[in-house]
$ cat input-v9.cif   # mmCIF, C-alpha atoms (C1' of nucleotides)
data_start
#
loop_
_atom_site.group_PDB
_atom_site.id
_atom_site.type_symbol
_atom_site.label_atom_id
_atom_site.label_comp_id
_atom_site.auth_asym_id
_atom_site.auth_seq_id
_atom_site.Cartn_x
_atom_site.Cartn_y
_atom_site.Cartn_z
ATOM 1 C CA MET A 1 5.296 35.310 2.255
ATOM 2 C CA ILE A 2 5.344 31.913 0.725
ATOM 3 C CA SER A 3 7.739 29.648 2.459
ATOM 4 C CA ASP A 4 9.488 27.295 0.117
ATOM 5 C CA VAL A 5 10.051 24.764 2.813
ATOM 6 C CA ALA A 6 8.032 21.629 3.368
ATOM 7 C CA ARG A 7 7.793 19.545 0.302
ATOM 8 C CA ALA A 8 10.603 19.874 -2.131
ATOM 9 C CA ALA A 9 9.879 18.659 -5.625
ATOM 10 C CA THR A 10 6.357 17.995 -6.707
ATOM 11 C CA THR A 11 4.348 16.336 -9.341
ATOM 12 C CA SER A 12 6.335 18.197 -11.916
ATOM 13 C CA ASP A 13 8.810 15.445 -12.490
ATOM 14 C CA VAL A 14 8.469 12.040 -14.019
ATOM 15 C CA PHE A 15 9.382 10.067 -10.930
ATOM 16 C CA ASN A 16 6.497 11.630 -9.078
ATOM 17 C CA ALA A 17 4.137 11.315 -11.971
ATOM 18 C CA ILE A 18 4.567 7.568 -12.113
ATOM 19 C CA ALA A 19 4.399 7.186 -8.355
ATOM 20 C CA GLU A 20 0.641 7.174 -8.694
ATOM 21 C CA PRO A 21 -0.688 3.695 -9.509
ATOM 22 C CA GLN A 22 -3.592 4.937 -11.568
ATOM 23 C CA ARG A 23 -1.352 7.075 -13.685
ATOM 24 C CA ARG A 24 0.822 4.078 -14.351
ATOM 25 C CA GLN A 25 -2.228 2.182 -15.462
ATOM 26 C CA MET A 26 -3.094 4.971 -17.812
ATOM 27 C CA LEU A 27 0.321 4.860 -19.388
ATOM 28 C CA VAL A 28 -0.014 1.150 -19.892
ATOM 29 C CA LEU A 29 -3.341 1.565 -21.616
ATOM 30 C CA LEU A 30 -1.900 4.270 -23.804
ATOM 31 C CA ARG A 31 0.560 1.833 -25.258
ATOM 32 C CA ALA A 32 -2.345 0.495 -27.245
ATOM 33 C CA GLY A 33 -2.858 3.831 -28.953
ATOM 34 C CA GLU A 34 -4.673 7.072 -28.431
ATOM 35 C CA TRP A 35 -7.605 7.342 -26.063
ATOM 36 C CA PRO A 36 -10.219 9.944 -25.307
ATOM 37 C CA VAL A 37 -10.496 10.826 -21.620
ATOM 38 C CA THR A 38 -13.887 9.297 -21.144
ATOM 39 C CA GLU A 39 -12.906 5.889 -22.353
ATOM 40 C CA LEU A 40 -9.789 5.875 -20.252
ATOM 41 C CA ALA A 41 -11.849 6.812 -17.250
ATOM 42 C CA GLN A 42 -14.356 4.110 -17.928
ATOM 43 C CA GLU A 43 -11.725 1.480 -18.522
ATOM 44 C CA LEU A 44 -10.109 2.328 -15.216
ATOM 45 C CA GLY A 45 -13.360 2.662 -13.378
ATOM 46 C CA MET A 46 -12.899 6.238 -12.362
ATOM 47 C CA ALA A 47 -14.914 9.394 -12.859
ATOM 48 C CA GLN A 48 -14.009 11.606 -15.773
ATOM 49 C CA PRO A 49 -12.747 14.583 -13.774
ATOM 50 C CA ARG A 50 -10.353 12.331 -11.986
ATOM 51 C CA ALA A 51 -9.023 10.971 -15.229
ATOM 52 C CA SER A 52 -8.589 14.471 -16.560
ATOM 53 C CA LYS A 53 -6.597 15.472 -13.536
ATOM 54 C CA HIS A 54 -4.253 12.556 -13.809
ATOM 55 C CA LEU A 55 -3.811 13.145 -17.487
ATOM 56 C CA ARG A 56 -2.948 16.713 -16.772
ATOM 57 C CA VAL A 57 -0.134 15.652 -14.502
ATOM 58 C CA LEU A 58 1.111 13.247 -17.122
ATOM 59 C CA ARG A 59 0.948 15.943 -19.736
ATOM 60 C CA GLU A 60 2.818 18.420 -17.601
ATOM 61 C CA VAL A 61 5.735 16.079 -17.206
ATOM 62 C CA GLY A 62 5.623 15.278 -20.885
ATOM 63 C CA LEU A 63 4.631 11.641 -20.720
ATOM 64 C CA VAL A 64 1.500 12.280 -22.653
ATOM 65 C CA ARG A 65 0.428 14.419 -25.571
ATOM 66 C CA ASP A 66 -3.015 15.382 -26.612
ATOM 67 C CA ARG A 67 -4.597 16.504 -29.797
ATOM 68 C CA LYS A 68 -8.034 17.591 -30.733
ATOM 69 C CA ALA A 69 -10.142 15.191 -32.665
ATOM 70 C CA GLY A 70 -13.494 16.718 -33.242
ATOM 71 C CA LYS A 71 -15.438 16.897 -30.072
ATOM 72 C CA GLN A 72 -12.931 14.689 -28.405
ATOM 73 C CA ARG A 73 -9.412 15.117 -27.230
ATOM 74 C CA LEU A 74 -7.174 12.181 -27.838
ATOM 75 C CA TYR A 75 -4.347 11.381 -25.478
ATOM 76 C CA GLY A 76 -1.296 9.601 -26.687
ATOM 77 C CA LEU A 77 1.846 8.256 -25.121
ATOM 78 C CA ASP A 78 5.190 9.974 -25.288
ATOM 79 C CA ALA A 79 7.339 7.470 -23.490
ATOM 80 C CA ARG A 80 10.628 9.260 -23.853
ATOM 81 C CA GLY A 81 10.401 10.608 -20.348
ATOM 82 C CA LEU A 82 10.423 7.098 -18.950
ATOM 83 C CA ARG A 83 13.823 6.409 -20.324
ATOM 84 C CA PRO A 84 15.699 8.272 -17.587
ATOM 85 C CA VAL A 85 13.824 6.256 -14.992
ATOM 86 C CA HIS A 86 14.693 3.059 -16.746
ATOM 87 C CA GLU A 87 18.300 4.072 -16.916
ATOM 88 C CA TRP A 88 18.452 5.212 -13.351
ATOM 89 C CA THR A 89 17.134 1.933 -12.048
ATOM 90 C CA GLY A 90 19.359 0.160 -14.537
ATOM 91 C CA GLY A 91 22.294 1.574 -12.657
ATOM 92 C CA PHE A 92 21.398 -0.851 -9.889
ATOM 93 C CA GLU A 93 21.112 -3.892 -12.048
ATOM 94 C CA ARG A 94 24.288 -5.544 -10.915
ATOM 95 C CA PHE A 95 23.207 -5.003 -7.347
ATOM 96 C CA TRP A 96 19.944 -6.813 -7.367
ATOM 97 C CA ALA A 97 21.673 -9.955 -8.507
ATOM 98 C CA GLU A 98 24.266 -9.509 -5.829
ATOM 99 C CA SER A 99 21.688 -8.727 -3.207
ATOM 100 C CA PHE A 100 20.668 -12.313 -2.864
ATOM 101 C CA ASP A 101 24.033 -13.387 -1.581
ATOM 102 C CA ARG A 102 24.553 -10.311 0.431
ATOM 103 C CA LEU A 103 21.123 -10.672 1.901
ATOM 104 C CA ASP A 104 21.646 -14.271 2.782
ATOM 105 C CA ALA A 105 24.760 -13.304 4.595
ATOM 106 C CA TYR A 106 22.921 -10.504 6.246
ATOM 107 C CA VAL A 107 20.066 -12.646 7.438
ATOM 108 C CA HIS A 108 22.544 -15.156 8.680
ATOM 109 C CA ASP A 109 24.282 -12.478 10.697
ATOM 110 C CA LEU A 110 20.981 -11.359 12.073
ATOM 111 C CA LYS A 111 20.184 -14.786 13.377
ATOM 112 C CA GLN A 112 23.572 -15.050 14.998
ATOM 113 C CA GLN A 113 23.020 -11.695 16.561
ATOM 114 C CA ARG A 114 19.619 -12.661 17.932
ATOM 115 C CA GLN A 115 20.984 -15.787 19.506
ATOM 116 C CA GLU A 116 23.640 -13.772 21.172
ATOM 117 C CA ASP A 117 21.182 -11.341 22.707
ATOM 118 C CA MET B 1 -14.281 7.397 11.668
ATOM 119 C CA ILE B 2 -11.214 7.490 9.542
ATOM 120 C CA SER B 3 -12.077 8.184 5.966
ATOM 121 C CA ASP B 4 -9.997 6.187 3.562
ATOM 122 C CA VAL B 5 -10.416 8.700 0.815
ATOM 123 C CA ALA B 6 -7.935 11.331 -0.246
ATOM 124 C CA ARG B 7 -4.549 9.941 -0.967
ATOM 125 C CA ALA B 8 -4.454 6.399 -2.175
ATOM 126 C CA ALA B 9 -1.126 4.688 -1.839
ATOM 127 C CA THR B 10 1.621 6.229 0.206
ATOM 128 C CA THR B 11 5.284 6.081 0.825
ATOM 129 C CA SER B 12 4.904 2.407 1.425
ATOM 130 C CA ASP B 13 5.770 1.407 -2.069
ATOM 131 C CA VAL B 14 8.947 1.606 -4.039
ATOM 132 C CA PHE B 15 7.677 3.969 -6.697
ATOM 133 C CA ASN B 16 6.883 6.527 -4.070
ATOM 134 C CA ALA B 17 10.059 5.950 -2.155
ATOM 135 C CA ILE B 18 12.190 6.819 -5.146
ATOM 136 C CA ALA B 19 10.050 9.782 -6.089
ATOM 137 C CA GLU B 20 12.025 11.799 -3.586
ATOM 138 C CA PRO B 21 15.249 13.142 -5.110
ATOM 139 C CA GLN B 22 17.227 12.951 -1.908
ATOM 140 C CA ARG B 23 16.277 9.367 -1.367
ATOM 141 C CA ARG B 24 17.491 8.573 -4.836
ATOM 142 C CA GLN B 25 20.772 10.214 -4.030
ATOM 143 C CA MET B 26 21.048 8.086 -0.937
ATOM 144 C CA LEU B 27 20.543 4.939 -2.911
ATOM 145 C CA VAL B 28 23.237 5.983 -5.328
ATOM 146 C CA LEU B 29 25.676 6.584 -2.511
ATOM 147 C CA LEU B 30 24.822 3.252 -1.018
ATOM 148 C CA ARG B 31 26.070 1.510 -4.115
ATOM 149 C CA ALA B 32 29.537 2.233 -2.823
ATOM 150 C CA GLY B 33 28.883 0.220 0.305
ATOM 151 C CA GLU B 34 27.468 0.615 3.758
ATOM 152 C CA TRP B 35 27.169 4.006 5.366
ATOM 153 C CA PRO B 36 26.338 5.248 8.819
ATOM 154 C CA VAL B 37 23.551 7.809 8.913
ATOM 155 C CA THR B 38 25.732 10.690 9.910
ATOM 156 C CA GLU B 39 28.085 10.351 6.998
ATOM 157 C CA LEU B 40 25.262 10.023 4.540
ATOM 158 C CA ALA B 41 23.715 13.146 5.976
ATOM 159 C CA GLN B 42 26.945 15.045 5.741
ATOM 160 C CA GLU B 43 27.645 13.895 2.219
ATOM 161 C CA LEU B 44 24.231 15.071 1.136
ATOM 162 C CA GLY B 45 24.363 18.259 3.146
ATOM 163 C CA MET B 46 21.345 17.517 5.255
ATOM 164 C CA ALA B 47 20.733 17.331 8.959
ATOM 165 C CA GLN B 48 20.891 13.941 10.591
ATOM 166 C CA PRO B 49 17.220 13.672 11.556
ATOM 167 C CA ARG B 50 16.276 14.283 7.989
ATOM 168 C CA ALA B 51 18.574 11.566 6.775
ATOM 169 C CA SER B 52 17.166 9.175 9.356
ATOM 170 C CA LYS B 53 13.653 9.865 8.200
ATOM 171 C CA HIS B 54 14.453 9.228 4.582
ATOM 172 C CA LEU B 55 16.311 6.083 5.466
ATOM 173 C CA ARG B 56 13.317 4.916 7.376
ATOM 174 C CA VAL B 57 11.148 5.230 4.310
ATOM 175 C CA LEU B 58 13.700 3.375 2.262
ATOM 176 C CA ARG B 59 13.881 0.667 4.875
ATOM 177 C CA GLU B 60 10.134 0.295 5.054
ATOM 178 C CA VAL B 61 9.899 -0.394 1.360
ATOM 179 C CA GLY B 62 12.827 -2.741 1.598
ATOM 180 C CA LEU B 63 15.354 -0.848 -0.462
ATOM 181 C CA VAL B 64 17.711 -0.590 2.422
ATOM 182 C CA ARG B 65 18.829 -2.795 5.264
ATOM 183 C CA ASP B 66 20.580 -1.806 8.406
ATOM 184 C CA ARG B 67 22.745 -3.564 10.894
ATOM 185 C CA LYS B 68 24.326 -2.548 14.097
ATOM 186 C CA ALA B 69 28.013 -1.937 14.086
ATOM 187 C CA GLY B 70 29.058 -0.859 17.495
ATOM 188 C CA LYS B 71 27.822 2.566 18.257
ATOM 189 C CA GLN B 72 26.836 3.021 14.677
ATOM 190 C CA ARG B 73 24.141 1.636 12.486
ATOM 191 C CA LEU B 74 25.245 0.847 8.994
ATOM 192 C CA TYR B 75 22.840 1.147 6.126
ATOM 193 C CA GLY B 76 23.261 -0.980 3.080
ATOM 194 C CA LEU B 77 21.564 -1.278 -0.255
ATOM 195 C CA ASP B 78 19.070 -3.963 -1.144
ATOM 196 C CA ALA B 79 18.382 -3.124 -4.733
ATOM 197 C CA ARG B 80 16.001 -5.953 -5.475
ATOM 198 C CA GLY B 81 13.021 -3.685 -5.058
ATOM 199 C CA LEU B 82 14.194 -1.538 -7.921
ATOM 200 C CA ARG B 83 13.905 -4.354 -10.346
ATOM 201 C CA PRO B 84 10.127 -4.074 -10.783
ATOM 202 C CA VAL B 85 10.522 -0.413 -11.568
ATOM 203 C CA HIS B 86 13.186 -1.159 -14.108
ATOM 204 C CA GLU B 87 11.007 -3.768 -15.687
ATOM 205 C CA TRP B 88 7.920 -1.634 -15.687
ATOM 206 C CA THR B 89 9.669 1.192 -17.487
ATOM 207 C CA GLY B 90 11.297 -1.367 -19.719
ATOM 208 C CA GLY B 91 7.862 -2.205 -20.979
ATOM 209 C CA PHE B 92 7.923 1.133 -22.739
ATOM 210 C CA GLU B 93 11.282 0.722 -24.330
ATOM 211 C CA ARG B 94 10.066 0.200 -27.828
ATOM 212 C CA PHE B 95 7.912 3.263 -27.467
ATOM 213 C CA TRP B 96 10.534 5.802 -26.672
ATOM 214 C CA ALA B 97 12.361 4.983 -29.843
ATOM 215 C CA GLU B 98 9.152 5.254 -31.769
ATOM 216 C CA SER B 99 8.172 8.451 -30.060
ATOM 217 C CA PHE B 100 10.560 10.493 -32.102
ATOM 218 C CA ASP B 101 8.821 9.738 -35.341
ATOM 219 C CA ARG B 102 5.409 9.865 -33.859
ATOM 220 C CA LEU B 103 6.261 13.128 -32.221
ATOM 221 C CA ASP B 104 7.584 14.625 -35.386
ATOM 222 C CA ALA B 105 4.394 13.781 -37.088
ATOM 223 C CA TYR B 106 2.485 15.156 -34.182
ATOM 224 C CA VAL B 107 4.310 18.446 -34.167
ATOM 225 C CA HIS B 108 3.847 18.668 -37.876
ATOM 226 C CA ASP B 109 0.133 18.211 -37.488
ATOM 227 C CA LEU B 110 0.074 20.829 -34.821
ATOM 228 C CA LYS B 111 1.656 23.383 -37.095
ATOM 229 C CA GLN B 112 -0.816 22.633 -39.815
ATOM 230 C CA GLN B 113 -3.593 22.987 -37.340
ATOM 231 C CA ARG B 114 -2.326 26.344 -36.095
ATOM 232 C CA GLN B 115 -2.120 27.706 -39.584
ATOM 233 C CA GLU B 116 -5.663 26.695 -40.193
ATOM 234 C CA ASP B 117 -6.904 28.515 -37.124
ATOM 235 C "C1'" DA C 1 26.560 5.323 36.922
ATOM 236 C "C1'" DA C 2 27.908 9.225 34.080
ATOM 237 C "C1'" DA C 3 29.448 11.279 30.046
ATOM 238 C "C1'" DT C 4 29.539 10.939 25.179
ATOM 239 C "C1'" DC C 5 28.682 9.819 20.621
ATOM 240 C "C1'" DA C 6 25.249 8.046 17.073
ATOM 241 C "C1'" DT C 7 20.723 7.631 15.624
ATOM 242 C "C1'" DA C 8 15.623 7.669 15.955
ATOM 243 C "C1'" DT C 9 11.422 9.904 17.169
ATOM 244 C "C1'" DT C 10 8.146 13.411 18.367
ATOM 245 C "C1'" DC C 11 5.875 17.828 17.844
ATOM 246 C "C1'" DC C 12 4.707 21.466 14.855
ATOM 247 C "C1'" DT C 13 4.110 23.994 10.574
ATOM 248 C "C1'" DA C 14 3.569 24.664 5.679
ATOM 249 C "C1'" DT C 15 2.281 22.620 1.697
ATOM 250 C "C1'" DA C 16 1.076 19.035 -1.658
ATOM 251 C "C1'" DT C 17 -2.238 15.864 -3.295
ATOM 252 C "C1'" DC C 18 -6.110 12.986 -4.103
ATOM 253 C "C1'" DG C 19 -10.943 12.511 -4.527
ATOM 254 C "C1'" DG C 20 -15.774 14.083 -5.056
ATOM 255 C "C1'" DA C 21 -19.233 17.260 -6.595
ATOM 256 C "C1'" DA C 22 -20.545 20.986 -9.132
ATOM 257 C "C1'" DT C 23 -19.610 23.766 -12.775
ATOM 258 C "C1'" DA C 24 -17.303 26.080 -16.550
ATOM 259 C "C1'" DC C 25 -15.570 25.611 -21.235
ATOM 260 C "C1'" DG C 26 -15.381 23.851 -26.082
ATOM 261 C "C1'" DT C 27 -17.067 21.842 -30.015
ATOM 262 C "C1'" DC C 28 -20.288 19.966 -33.101
ATOM 263 C "C1'" DA C 29 -25.047 19.312 -34.842
ATOM 264 C "C1'" DA C 30 -29.698 20.676 -35.653
ATOM 265 C "C1'" DT D 1 -28.583 30.096 -31.192
ATOM 266 C "C1'" DT D 2 -29.631 26.250 -28.619
ATOM 267 C "C1'" DG D 3 -28.754 21.486 -27.322
ATOM 268 C "C1'" DA D 4 -26.002 17.864 -26.357
ATOM 269 C "C1'" DC D 5 -21.815 15.749 -25.642
ATOM 270 C "C1'" DG D 6 -16.905 15.585 -24.116
ATOM 271 C "C1'" DT D 7 -13.492 17.455 -21.241
ATOM 272 C "C1'" DA D 8 -11.225 20.703 -17.976
ATOM 273 C "C1'" DT D 9 -11.344 23.367 -13.840
ATOM 274 C "C1'" DT D 10 -12.682 25.048 -9.403
ATOM 275 C "C1'" DC D 11 -13.889 24.525 -4.692
ATOM 276 C "C1'" DC D 12 -14.068 21.779 -0.953
ATOM 277 C "C1'" DG D 13 -12.383 18.244 2.682
ATOM 278 C "C1'" DA D 14 -9.175 14.797 4.444
ATOM 279 C "C1'" DT D 15 -4.703 13.204 4.566
ATOM 280 C "C1'" DA D 16 0.132 12.675 3.461
ATOM 281 C "C1'" DT D 17 4.549 14.531 3.593
ATOM 282 C "C1'" DA D 18 8.866 17.095 4.196
ATOM 283 C "C1'" DG D 19 11.597 19.923 7.146
ATOM 284 C "C1'" DG D 20 13.207 21.993 11.427
ATOM 285 C "C1'" DA D 21 13.985 21.929 16.300
ATOM 286 C "C1'" DA D 22 14.086 19.681 20.385
ATOM 287 C "C1'" DT D 23 14.302 15.517 22.593
ATOM 288 C "C1'" DA D 24 14.360 10.621 23.437
ATOM 289 C "C1'" DT D 25 16.749 6.244 22.876
ATOM 290 C "C1'" DG D 26 20.915 3.230 22.325
ATOM 291 C "C1'" DA D 27 25.369 1.909 22.824
ATOM 292 C "C1'" DT D 28 30.230 2.609 24.250
ATOM 293 C "C1'" DT D 29 33.743 4.102 27.120
ATOM 294 C "C1'" DT D 30 35.577 5.665 31.438
#
$ encode --input "input-v9.cif" --output "structure tokens"
Amino acid sequence: MISDVARAATTSDVFNAIAEPQRRQMLVLLRAGEWPVTELAQELGMAQPRASKHLRVLREVGLVRDRKAGKQRLYGLDARGLRPVHEWTGGFERFWAESFDRLDAYVHDLKQQRQED
Amino acid sequence: MISDVARAATTSDVFNAIAEPQRRQMLVLLRAGEWPVTELAQELGMAQPRASKHLRVLREVGLVRDRKAGKQRLYGLDARGLRPVHEWTGGFERFWAESFDRLDAYVHDLKQQRQED
DNA sequence: AAATCATATTCCTATATCGGAATACGTCAA
DNA sequence: TTGACGTATTCCGATATAGGAATATGATTT
């Protein structure tokens, strides 16, 4: 009996995929073009199996595509999946400008509060 | 001896904080203004402790601020932390337009390849 | 102080992940 | 076929979470 409780969504969505710093680095490198696993690994200073695992996650969420190229396997970027993330955060754009004022007010209130304690 | 290996970064950064769907929903609700925990929980159909835990994560990464309001504690949005995410994904903007073409070509190649197998 | 309402925390369990090491798999060349 | 090279997978171990339930903490009112 496999309980479905505990950890809801997993690495199978883009938000989770890019939550890992090293995977983000990989995506950045891939903007320059296609890379074989080994070179990516070397560039990022990680062992090859580790690179392969991260690439697998990226592939599973569709951020990366691979194709055979002789002995090698070249990984390439498919950035379309990042668009929803960009748009989601974009929905907060007007707030992070606002936040400054609001925050100032907030901090001000806090100080008042402290003095009153 | 606490090994530092295993899971690199944790919930202590924004990317991870927003990797959780429910936390994203919270942030969206918070755009409408400040909310007490209980109402947020109810709106999202989750128990109060759960909401508190998620809010704690959001607070720790700075996406949310709270202030006392009588018996209640009102949570408010501080969207500034989302800006880096927006900008990071924005760095791929020109690629997700491109991707269509590149992908078409890719898929085309794939078909060729399959036929040759 | 006691009761009450609002929120945070703790304890426990199930699972998800990351990393390393070893190894399996695939492909090309001799 | 056998090497050799490039890449993926499997098998650990350690840790990070998420959720639930129960409980502790805070603040307000009577």
$ atom_distance --input "input-v9.cif" --atom1 "CA of Glu98 in chain B" --atom2 "CA of Gly90 in chain A"
20.7 Å
$ resolve_selection --input "input-v9.cif" --expression "the PyMOL selection byres ((chain C) within 10 of (chain A))" --output "list in words"
DT13, DA14, DT15, DA16, DT17, DC18, DG19, DG20, DG26, DT27 and DC28 of chain C
$ write_last_selection --input "input-v9.cif" --atoms "C-alpha atoms (C1' of nucleotides)" --output "PDB file, keeping the file's coordinate frame"
ATOM      1  C1'  DT C  13       4.110  23.994  10.574  1.00  0.00           C
ATOM      2  C1'  DA C  14       3.569  24.664   5.679  1.00  0.00           C
ATOM      3  C1'  DT C  15       2.281  22.620   1.697  1.00  0.00           C
ATOM      4  C1'  DA C  16       1.076  19.035  -1.658  1.00  0.00           C
ATOM      5  C1'  DT C  17      -2.238  15.864  -3.295  1.00  0.00           C
ATOM      6  C1'  DC C  18      -6.110  12.986  -4.103  1.00  0.00           C
ATOM      7  C1'  DG C  19     -10.943  12.511  -4.527  1.00  0.00           C
ATOM      8  C1'  DG C  20     -15.774  14.083  -5.056  1.00  0.00           C
ATOM      9  C1'  DG C  26     -15.381  23.851 -26.082  1.00  0.00           C
ATOM     10  C1'  DT C  27     -17.067  21.842 -30.015  1.00  0.00           C
ATOM     11  C1'  DC C  28     -20.288  19.966 -33.101  1.00  0.00           C
TER      12       DC C  28
END
$ resolve_selection --input "input-v9.cif" --expression "the PyMOL selection byres ((chain A and resi 65) around 6)" --output "MDAnalysis selection string"
chainID A and resid 64 66 75:76
$ atom_distance --input "input-v9.cif" --atom1 "C1' of DA16 in chain D" --atom2 "CA of Arg59 in chain B"
18.3 Å
$ residues_near_point --input "input-v9.cif" --point "(6.0, 22.6, 14.2)" --cutoff "9 Å" --atoms "only C-alpha atoms (C1' of nucleotides)" --output "PyMOL selection string"
(chain C and resi 11-13) or (chain D and resi 20-21)
$ resolve_selection --input "input-v9.cif" --expression "the PyMOL selection byres ((chain D) within 8 of (chain A))" --output "ChimeraX atom specification"
/D:5-8,17-19
$ write_last_selection --input "input-v9.cif" --atoms "C-alpha atoms (C1' of nucleotides)" --output "PDB file, in the coordinates of the input"
ATOM      1  C1'  DC D   5     -21.815  15.749 -25.642  1.00  0.00           C
ATOM      2  C1'  DG D   6     -16.905  15.585 -24.116  1.00  0.00           C
ATOM      3  C1'  DT D   7     -13.492  17.455 -21.241  1.00  0.00           C
ATOM      4  C1'  DA D   8     -11.225  20.703 -17.976  1.00  0.00           C
ATOM      5  C1'  DT D  17       4.549  14.531   3.593  1.00  0.00           C
ATOM      6  C1'  DA D  18       8.866  17.095   4.196  1.00  0.00           C
ATOM      7  C1'  DG D  19      11.597  19.923   7.146  1.00  0.00           C
TER       8       DG D  19
END
$ residues_around --input "input-v9.cif" --residues "DA30 in chain C" --least-positions-apart "6" --cutoff "12 Å" --atoms "all atoms listed in the file" --output "list of chain:residue names"
D:DT1, D:DT2, D:DG3, D:DA4
$ interface_residues --input "input-v9.cif" --of "chain A" --to "chain B" --cutoff "6 Å" --atoms "only C-alpha atoms" --output "MDAnalysis selection string"
chainID A and resid 15:16 19 78:80 86 89 95:96 99
$ atom_distance --input "input-v9.cif" --atom1 "CA of Leu40 in chain B" --atom2 "CA of Val57 in chain B"
14.9 Å
$ axis_aligned_box --input "input-v9.cif" --around "range 32-44 of chain A" --padding-each-side "8 Å" --output "JSON"
{"center_x": -8.4, "center_y": 5.7, "center_z": -22.1, "size_x": 28.0, "size_y": 26.3, "size_z": 29.7}
$ closest_residue --input "input-v9.cif" --among "B:Ser12, B:Met46, B:Leu74, B:Leu55" --to "Met26 in chain B" --atoms "only C-alpha atoms"
B:Leu55
$ build_atoms --input "input-v9.cif" --residues "range 81-93 of chain A" --atoms "N, CA, C and O atoms" --output "compact mmCIF listing (two decimals), in the frame of the given file"
# COMPACT_ATOMS: atom_id res chain seq x y z
N GLY A 81 10.08 10.21 -21.71
CA GLY A 81 10.40 10.61 -20.35
C GLY A 81 10.64 9.43 -19.41
O GLY A 81 11.19 9.61 -18.32
N LEU A 82 10.23 8.26 -19.82
CA LEU A 82 10.42 7.10 -18.95
C LEU A 82 11.83 6.54 -19.06
O LEU A 82 12.29 5.79 -18.20
N ARG A 83 12.48 6.94 -20.11
CA ARG A 83 13.82 6.41 -20.32
C ARG A 83 14.78 6.73 -19.18
O ARG A 83 15.50 5.85 -18.71
N PRO A 84 14.81 7.96 -18.71
CA PRO A 84 15.70 8.27 -17.59
C PRO A 84 15.43 7.40 -16.36
O PRO A 84 16.35 7.00 -15.67
N VAL A 85 14.17 7.10 -16.13
CA VAL A 85 13.82 6.26 -14.99
C VAL A 85 14.37 4.86 -15.20
O VAL A 85 14.95 4.25 -14.30
N HIS A 86 14.19 4.39 -16.42
CA HIS A 86 14.69 3.06 -16.75
C HIS A 86 16.20 3.00 -16.57
O HIS A 86 16.75 2.05 -16.02
N GLU A 87 16.85 4.05 -17.01
CA GLU A 87 18.30 4.07 -16.92
C GLU A 87 18.78 4.23 -15.48
O GLU A 87 19.75 3.63 -15.06
N TRP A 88 18.04 5.03 -14.75
CA TRP A 88 18.45 5.21 -13.35
C TRP A 88 18.37 3.89 -12.60
O TRP A 88 19.31 3.49 -11.92
N THR A 89 17.27 3.22 -12.74
CA THR A 89 17.13 1.93 -12.05
C THR A 89 18.13 0.92 -12.63
O THR A 89 18.64 0.07 -11.92
N GLY A 90 18.41 1.07 -13.90
CA GLY A 90 19.36 0.16 -14.54
C GLY A 90 20.73 0.25 -13.88
O GLY A 90 21.50 -0.71 -13.87
N GLY A 91 21.02 1.40 -13.33
CA GLY A 91 22.29 1.57 -12.66
C GLY A 91 22.44 0.70 -11.42
O GLY A 91 23.50 0.63 -10.82
N PHE A 92 21.36 0.02 -11.07
CA PHE A 92 21.40 -0.85 -9.89
C PHE A 92 21.31 -2.32 -10.27
O PHE A 92 21.23 -3.18 -9.43
N GLU A 93 21.32 -2.53 -11.55
CA GLU A 93 21.11 -3.89 -12.05
C GLU A 93 22.07 -4.90 -11.44
O GLU A 93 21.66 -5.95 -10.98
